[in-house]
Structure formats: structure tokens, C-alpha cells
>>> print(open('data-v9.txt').read())   # compact mmCIF, C-alpha atoms and all ligand atoms
# COMPACT_ATOMS: atom_id res chain seq x y z
CA MET A 1 42.90 -6.86 9.87
CA TRP A 2 40.60 -8.13 7.12
CA MET A 3 38.66 -10.05 9.70
CA TRP A 4 38.38 -6.90 11.79
CA MET A 5 37.11 -4.94 8.80
CA TRP A 6 34.65 -7.66 7.91
CA ASN A 7 33.35 -7.79 11.45
CA THR A 8 32.95 -4.04 11.54
CA MET A 9 30.98 -4.11 8.31
CA GLU A 10 28.76 -6.91 9.48
CA ARG A 11 28.07 -5.22 12.75
CA ARG A 12 27.24 -1.96 11.04
CA GLY A 13 23.69 -0.99 11.84
CA VAL A 14 20.73 -0.69 9.59
CA SER A 15 21.27 2.00 6.97
CA SER A 16 18.13 1.74 4.94
CA ILE A 17 14.41 1.33 5.59
CA ILE A 18 12.00 -0.03 3.00
CA PHE A 19 8.40 1.02 3.56
CA ASP A 20 5.12 -0.18 2.19
CA LEU A 21 2.64 2.64 1.47
CA ASP A 22 -1.01 1.56 1.89
CA ASN A 23 -2.09 1.05 5.50
CA THR A 24 1.51 1.38 6.59
CA LEU A 25 2.26 5.07 6.01
CA VAL A 26 -1.22 6.17 4.97
CA ASP A 27 -4.67 5.02 6.08
CA THR A 28 -5.90 3.73 2.72
CA ALA A 29 -8.61 1.60 4.35
CA GLY A 30 -9.96 4.64 6.23
CA ALA A 31 -9.91 6.76 3.07
CA GLY A 32 -11.78 3.96 1.28
CA ARG A 33 -14.52 3.95 3.92
CA ILE A 34 -15.02 7.71 3.56
CA ALA A 35 -15.09 7.34 -0.23
CA ILE A 36 -17.81 4.66 -0.02
CA GLN A 37 -19.84 6.92 2.28
CA LYS A 38 -19.68 9.64 -0.40
CA VAL A 39 -20.96 7.23 -3.03
CA ARG A 40 -23.82 6.23 -0.72
CA GLU A 41 -24.78 9.89 -0.43
CA LEU A 42 -24.57 10.27 -4.21
CA LEU A 43 -26.80 7.23 -4.78
CA LYS A 44 -29.27 8.56 -2.23
CA SER A 45 -29.40 11.92 -3.99
CA MET A 46 -30.05 10.04 -7.27
CA HIS A 47 -33.08 8.39 -5.59
CA VAL A 48 -31.63 4.89 -5.73
CA GLN A 49 -33.72 2.68 -3.48
CA GLU A 50 -32.33 2.90 0.06
CA SER A 51 -32.30 -0.91 0.49
CA HIS A 52 -30.11 -1.26 -2.62
CA ILE A 53 -27.44 1.27 -1.72
CA LYS A 54 -25.46 -0.85 0.73
CA ASP A 55 -25.59 -3.86 -1.60
CA ILE A 56 -24.31 -1.83 -4.55
CA CYS A 57 -21.33 -0.65 -2.52
CA ASP A 58 -20.66 -4.15 -1.14
CA HIS A 59 -20.73 -5.58 -4.66
CA PHE A 60 -18.23 -2.95 -5.80
CA LEU A 61 -15.90 -3.65 -2.89
CA ARG A 62 -16.00 -7.37 -3.57
CA LYS A 63 -15.09 -6.78 -7.22
CA LEU A 64 -12.29 -4.46 -6.17
CA LEU A 65 -10.91 -7.09 -3.82
CA HIS A 66 -10.88 -9.78 -6.49
CA GLU A 67 -9.82 -7.50 -9.31
CA SER A 68 -7.25 -8.63 -11.79
CA PHE A 69 -5.94 -5.90 -14.01
CA ASP A 70 -3.95 -6.49 -17.15
CA PRO A 71 -2.88 -3.21 -18.77
CA SER A 72 -1.99 -5.10 -21.97
CA GLU A 73 -5.72 -5.63 -22.60
CA GLY A 74 -5.93 -1.98 -23.61
CA LYS A 75 -8.26 -0.82 -20.82
CA THR A 76 -7.28 1.65 -18.13
CA ILE A 77 -7.83 0.99 -14.46
CA ASP A 78 -10.48 3.75 -14.62
CA ASP A 79 -12.37 1.74 -17.28
CA VAL A 80 -12.13 -1.45 -15.24
CA ARG A 81 -13.32 0.14 -12.00
CA THR A 82 -16.11 2.11 -13.67
CA HIS A 83 -17.26 -1.25 -14.99
CA HIS A 84 -17.21 -2.67 -11.44
CA TRP A 85 -19.73 0.02 -10.46
CA TYR A 86 -21.79 -0.67 -13.61
CA GLU A 87 -21.98 -4.34 -12.73
CA ALA A 88 -22.66 -3.64 -9.06
CA LEU A 89 -25.61 -1.41 -10.06
CA HIS A 90 -26.85 -4.00 -12.54
CA GLU A 91 -26.59 -6.95 -10.16
CA THR A 92 -28.38 -5.12 -7.37
CA GLN A 93 -31.10 -3.35 -9.33
CA GLY A 94 -31.66 -5.97 -12.01
CA THR A 95 -32.07 -3.37 -14.74
CA ASP A 96 -29.59 -1.94 -17.20
CA PRO A 97 -28.02 0.91 -15.28
CA ASP A 98 -27.20 4.34 -16.56
CA LEU A 99 -23.55 4.41 -17.69
CA ALA A 100 -23.25 7.98 -16.48
CA LEU A 101 -24.31 6.89 -12.98
CA ALA A 102 -21.62 4.18 -12.92
CA SER A 103 -19.08 6.77 -13.98
CA SER A 104 -20.24 9.24 -11.30
CA CYS A 105 -19.98 6.52 -8.64
CA TYR A 106 -16.47 5.67 -9.74
CA TYR A 107 -15.12 9.20 -9.87
CA THR A 108 -16.80 10.12 -6.58
CA TRP A 109 -15.13 7.10 -4.99
CA LYS A 110 -11.75 7.64 -6.62
CA ASN A 111 -11.53 11.40 -6.10
CA THR A 112 -12.74 11.26 -2.50
CA ARG A 113 -10.21 8.55 -1.70
CA LEU A 114 -7.38 10.60 -3.19
CA GLN A 115 -8.54 13.78 -1.44
CA VAL A 116 -8.65 12.28 2.03
CA LEU A 117 -5.53 10.14 1.69
CA THR A 118 -2.77 11.98 3.50
CA LEU A 119 0.46 11.45 5.30
CA SER A 120 -0.40 12.54 8.83
CA PRO A 121 1.82 15.33 10.23
CA GLU A 122 3.22 12.81 12.74
CA VAL A 123 4.19 10.29 10.06
CA ARG A 124 5.61 13.02 7.83
CA SER A 125 7.83 14.35 10.60
CA LEU A 126 8.92 10.81 11.53
CA LEU A 127 10.00 10.25 7.91
CA GLU A 128 11.73 13.63 7.81
CA GLU A 129 13.72 12.69 10.93
CA LEU A 130 14.54 9.19 9.66
CA GLN A 131 15.59 10.62 6.30
CA LYS A 132 18.48 12.38 8.05
CA ILE A 133 19.95 9.05 9.20
CA TYR A 134 18.63 6.37 6.86
CA LYS A 135 18.09 5.89 3.18
CA LEU A 136 14.31 5.59 2.85
CA LEU A 137 12.85 3.42 0.11
CA LEU A 138 9.23 2.80 -0.84
CA ILE A 139 7.90 -0.34 -2.52
CA THR A 140 4.18 -0.33 -3.14
CA ASN A 141 2.19 -3.06 -4.88
CA GLY A 142 -0.61 -2.25 -7.26
CA ASP A 143 -1.16 -0.98 -10.74
CA THR A 144 0.96 1.86 -12.02
CA GLN A 145 -1.67 4.58 -12.44
CA THR A 146 -3.47 3.97 -9.13
CA GLN A 147 -0.30 3.90 -7.05
CA TRP A 148 1.36 6.90 -8.70
CA GLU A 149 -1.86 8.90 -8.23
CA LYS A 150 -1.75 8.05 -4.52
CA ILE A 151 1.94 8.94 -4.23
CA GLU A 152 1.20 12.26 -5.92
CA ALA A 153 -1.83 12.92 -3.70
CA VAL A 154 0.17 12.23 -0.53
CA ARG A 155 3.13 14.31 -1.75
CA CYS A 156 5.64 11.89 -0.27
CA LYS A 157 8.05 11.25 -3.14
CA GLY A 158 10.65 13.70 -1.83
CA LEU A 159 10.93 11.74 1.41
CA PHE A 160 12.33 8.69 -0.37
CA SER A 161 15.58 7.99 -2.19
CA LEU A 162 13.64 5.59 -4.37
CA VAL A 163 9.97 4.89 -5.05
CA VAL A 164 9.12 1.56 -6.68
CA VAL A 165 5.58 0.76 -7.90
CA GLY A 166 4.83 -2.93 -8.35
CA GLY A 167 2.85 -2.43 -11.55
CA ASP A 168 5.92 -0.98 -13.28
CA HIS A 169 7.78 -4.27 -12.78
CA PRO A 170 7.34 -7.85 -13.96
CA GLU A 171 6.77 -9.09 -10.41
CA GLN A 172 5.40 -7.44 -7.26
CA LYS A 173 6.01 -8.11 -3.56
CA PRO A 174 6.71 -10.73 -2.21
CA ALA A 175 8.84 -11.64 -5.27
CA ARG A 176 12.53 -11.32 -4.71
CA SER A 177 13.09 -9.59 -8.08
CA ILE A 178 11.37 -6.32 -7.12
CA PHE A 179 13.49 -6.12 -3.97
CA THR A 180 16.66 -6.88 -5.94
CA HIS A 181 15.76 -4.05 -8.32
CA CYS A 182 15.30 -1.81 -5.31
CA PHE A 183 18.63 -2.76 -3.70
CA GLU A 184 20.54 -2.28 -6.95
CA SER A 185 18.90 1.05 -7.80
CA ALA A 186 19.41 2.42 -4.30
CA GLY A 187 22.91 0.96 -3.91
CA VAL A 188 22.13 -0.89 -0.68
CA ARG A 189 22.58 -4.49 0.47
CA PRO A 190 19.65 -6.55 1.78
CA GLN A 191 21.37 -6.99 5.13
CA ASP A 192 21.52 -3.20 5.56
CA CYS A 193 17.75 -2.87 5.19
CA ILE A 194 14.67 -3.47 7.24
CA MET A 195 11.25 -3.96 5.64
CA VAL A 196 8.24 -2.27 7.22
CA GLY A 197 4.70 -3.14 6.17
CA ASP A 198 1.20 -4.13 7.22
CA CYS A 199 0.81 -7.21 5.03
CA LEU A 200 2.33 -10.52 6.14
CA SER A 201 2.01 -12.24 2.76
CA THR A 202 3.58 -9.47 0.67
CA ASP A 203 5.66 -7.13 2.86
CA ILE A 204 6.95 -9.52 5.51
CA GLN A 205 7.22 -12.54 3.22
CA GLY A 206 8.90 -10.30 0.63
CA GLY A 207 11.40 -8.98 3.14
CA ILE A 208 12.25 -12.52 4.19
CA ASN A 209 12.58 -13.68 0.56
CA ALA A 210 14.89 -10.77 -0.13
CA GLY A 211 17.09 -11.47 2.90
CA VAL A 212 16.64 -8.17 4.71
CA ARG A 213 18.12 -7.66 8.15
CA ALA A 214 14.72 -7.58 9.88
CA THR A 215 11.03 -7.36 9.10
CA VAL A 216 8.64 -5.09 10.96
CA TRP A 217 4.92 -5.80 10.85
CA ILE A 218 2.54 -2.89 11.31
CA ASN A 219 -0.33 -4.54 13.10
CA SER A 220 -2.78 -1.74 13.85
CA ALA A 221 -5.65 -4.12 14.58
CA CYS A 222 -3.51 -6.08 17.09
CA LYS A 223 -4.27 -9.35 15.28
CA SER A 224 -2.31 -12.48 16.09
CA VAL A 225 -0.16 -13.97 13.32
CA PRO A 226 -2.39 -16.54 11.58
CA GLN A 227 -1.30 -20.17 11.58
CA GLY A 228 0.86 -21.04 8.60
CA SER A 229 1.86 -17.45 8.05
CA VAL A 230 5.38 -16.07 8.13
CA THR A 231 6.54 -14.61 11.42
CA PRO A 232 7.81 -11.03 11.45
CA ASP A 233 10.88 -10.18 13.51
CA TYR A 234 9.12 -7.24 15.11
CA THR A 235 5.49 -6.25 15.48
CA VAL A 236 4.36 -2.72 16.28
CA PRO A 237 0.88 -1.18 16.32
CA SER A 238 1.89 1.81 14.21
CA VAL A 239 4.74 3.07 12.08
CA LEU A 240 5.10 5.76 14.77
CA ASN A 241 6.60 3.04 17.00
CA LEU A 242 9.38 2.32 14.54
CA ASN A 243 12.01 4.13 16.61
CA ASP A 244 11.72 1.45 19.31
CA VAL A 245 12.69 -1.19 16.76
CA LEU A 246 15.53 0.91 15.34
CA LEU A 247 16.93 1.40 18.83
CA GLU A 248 16.97 -2.36 19.36
CA LEU A 249 18.71 -2.91 16.05
CA ARG A 250 21.37 -0.32 16.67
MG MG B 1 -0.01 -2.20 2.76
>>> encode(input="data-v9.txt", output="C-alpha cells")
Amino acid sequence: MWMWMWNTMERRGVSSIIFDLDNTLVDTAGAGRIAIQKVRELLKSMHVQESHIKDICDHFLRKLLHESFDPSEGKTIDDVRTHHWYEALHETQGTDPDLALASSCYYTWKNTRLQVLTLSPEVRSLLEELQKIYKLLLITNGDTQTQWEKIEAVRCKGLFSLVVVGGDHPEQKPARSIFTHCFESAGVRPQDCIMVGDCLSTDIQGGINAGVRATVWINSACKSVPQGSVTPDYTVPSVLNLNDVLLELR
């Protein structure tokens, strides 16, 4: 009888889905492109030399990509990113830029990104349907303020039993510890969960490290898995295809 019970438990289907946020549930990259376009328009209206505008934005994006943020240094992420724009203006124009212009660039970029970032009606209704059957969990990497502002802007918190922001924890994805925190807080076992995300090195690697039942890679650009990378169990072009995977796992 114990064996029968054990078997039944092990065969029990997936009961929980862990999602990544950026570029998995919401098009953060698309929102970023629109935000940069807004800054270009701002710089144009401020009579910044046309040939400099693209370079300024490229410099900012490079700094954003390589950003390291340590909240213990006493600066906010707003300070750090305003400074990225200040440096981008300085490096491109060669003169000491106006601090107010750097600040305008930053808040135009930030506010536009938050305004256009949305959960599409299709994704929202998918999550609403899944919520009836599965425990939905969200683990998003990034600094506390930035990620909570996005979560607020997208109004998605109510769709999840638990929302975990990497910056609130000692380690982010793919570390096992943030997943363990998630499992314990949500009262689920790794083998009951699948991990869904667009990033192989954080979401998929993290899911594997944590011992989830299966990993699902959102591969919207239809890229092939690079050599040396982890291999996801399932690959789908969009989170809207998740039901196909869930059917297979049933
Ligand atoms: Mg992502």
C-alpha cells in the first residue's frame, strides 16, 4: 500500500508553475526600444547634434547591460542610471553635460518603459486560466526597486501565489537558494514545479539546479541552443504555447 501511495504521489502531475517576468510574460525588450525612441525625440527637441543622438543612446544601453548595482553603496538605481545618461552624454559630446538633461533622459526612458510595459490580454487570460489549476509563482532577477516598479506597472501580483524579486535575496537565479526560498514559501516541492523563462543561463539553469520537474524555454527569436549551454526540456516560441507542454506533462 505504501508503495502504491508513493507511486501515486510521484506520478501526480505538475501542480505549480514558476515564471520569469521580463521577456517571458512581458515584452521588456520591446518596451525598452520604445523608451529609447522617446529619448531620441527628446534629445532632438533639445537640439543635440543629430549624429550624436544614436551614439548617446548606444552608450547608455551598453552601460545598462554591464551595470552592477550595490544598494549598500547608498545610491538608488535612479541615481546610478541617471549617471549612465550623464556619462553617455559626456562621452559622446566631449563637453560637461547639463545634469538636468541627463535626468530628463533617464526619467523619459524609465517612465516610457513602465508606461508601455503591459501584460497582453492574451497572456493575462492565460494566467487567469492557469491560476485555476496551478499554483503560479514568479521569480524575477534584478534590483528591488526596478522589478517592483515593473510588477506594479503590469498589475500582475494578484495572478501569483508568490512573487520573488532577486534583489530582495542574497542570491538571484540561477542560484538554488532563491528557488528553495520560493518552494518553502509557497509550500511546493521542486518536482511538482516547472520553470518557464526566456534566459538559458538564469531561468533554465536555475530550474535545473533547483531540481524542477521540467524546464520550458521561451525562445521567441527561434535561436538554437548555443554550444556549451544547458538544454531545456521544452522549447516554445511564446508563453502562449505553454498549454501544449502542460498537456504533455499531464
Ligand atoms: Mg527574462
>>> atom_distance(input="data-v9.txt", atom1="atom CA of Ala102 of chain A", atom2="atom CA of Trp85 of chain A")
5.2 Å
>>> residues_around(input="data-v9.txt", residues="Val165 of chain A", least_positions_apart="2", cutoff="7 Å", atoms="only C-alpha atoms", output="PyMOL selection string")
chain A and resi 139-142+144+147+163+167-168
>>> write_last_selection(input="data-v9.txt", atoms="C-alpha atoms", output="PDB file, in the frame of the given file")
ATOM      1  CA  ILE A 139       7.900  -0.340  -2.520  1.00  0.00           C
ATOM      2  CA  THR A 140       4.180  -0.330  -3.140  1.00  0.00           C
ATOM      3  CA  ASN A 141       2.190  -3.060  -4.880  1.00  0.00           C
ATOM      4  CA  GLY A 142      -0.610  -2.250  -7.260  1.00  0.00           C
ATOM      5  CA  THR A 144       0.960   1.860 -12.020  1.00  0.00           C
ATOM      6  CA  GLN A 147      -0.300   3.900  -7.050  1.00  0.00           C
ATOM      7  CA  VAL A 163       9.970   4.890  -5.050  1.00  0.00           C
ATOM      8  CA  GLY A 167       2.850  -2.430 -11.550  1.00  0.00           C
ATOM      9  CA  ASP A 168       5.920  -0.980 -13.280  1.00  0.00           C
TER      10      ASP A 168
END
>>> closest_residue(input="data-v9.txt", among="A:Gln145, A:Ser120, A:Gln93, A:Asn23", to="Lys75 of chain A", atoms="only C-alpha atoms")
A:Gln145
>>> residues_near_ligand(input="data-v9.txt", ligand="ligand MG 1 (chain B)", cutoff="12 Å", atoms="all atoms listed in the file", output="number ranges by chain")
A: 19-29, 138-142, 147, 173-174, 195-204, 217-220, 239
>>> closest_residue(input="data-v9.txt", among="A:Glu129, A:Glu184, A:Glu171, A:Glu50", to="Leu242 of chain A", atoms="only C-alpha atoms")
A:Glu129
>>> closest_residue(input="data-v9.txt", among="A:Gln131, A:Lys150, A:Val123, A:Arg189", to="Asn241 of chain A", atoms="all atoms listed in the file")
A:Val123
>>> closest_residue(input="data-v9.txt", among="A:Ile53, A:Leu61, A:Val39, A:Val154", to="Ser103 of chain A", atoms="only C-alpha atoms")
A:Val39
>>> atom_distance(input="data-v9.txt", atom1="atom CA of Thr146 of chain A", atom2="atom CA of Ile36 of chain A")
17.0 Å
>>> closest_residue(input="data-v9.txt", among="A:Arg33, A:Ile56, A:His47, A:Thr92", to="Cys105 of chain A", atoms="all atoms listed in the file")
A:Ile56
>>> closest_residue(input="data-v9.txt", among="A:Pro226, A:Gly13, A:Gly30, A:Gly206", to="Val116 of chain A", atoms="all atoms listed in the file")
A:Gly30
>>> atom_distance(input="data-v9.txt", atom1="atom CA of Met46 of chain A", atom2="atom CA of His66 of chain A")
27.6 Å
>>> residues_around(input="data-v9.txt", residues="segment 213-216 of chain A", least_positions_apart="3", cutoff="9 Å", atoms="only C-alpha atoms", output="MDAnalysis selection string")
chainID A and resid 14 190:198 203:205 207:208 231:236 242 245 249
>>> axis_aligned_box(input="data-v9.txt", around="segment 21-26 of chain A", padding_each_side="8 Å", output="AutoDock Vina command-line options")
--center_x 0.3 --center_y 3.6 --center_z 4.0 --size_x 20.7 --size_y 21.1 --size_z 21.1
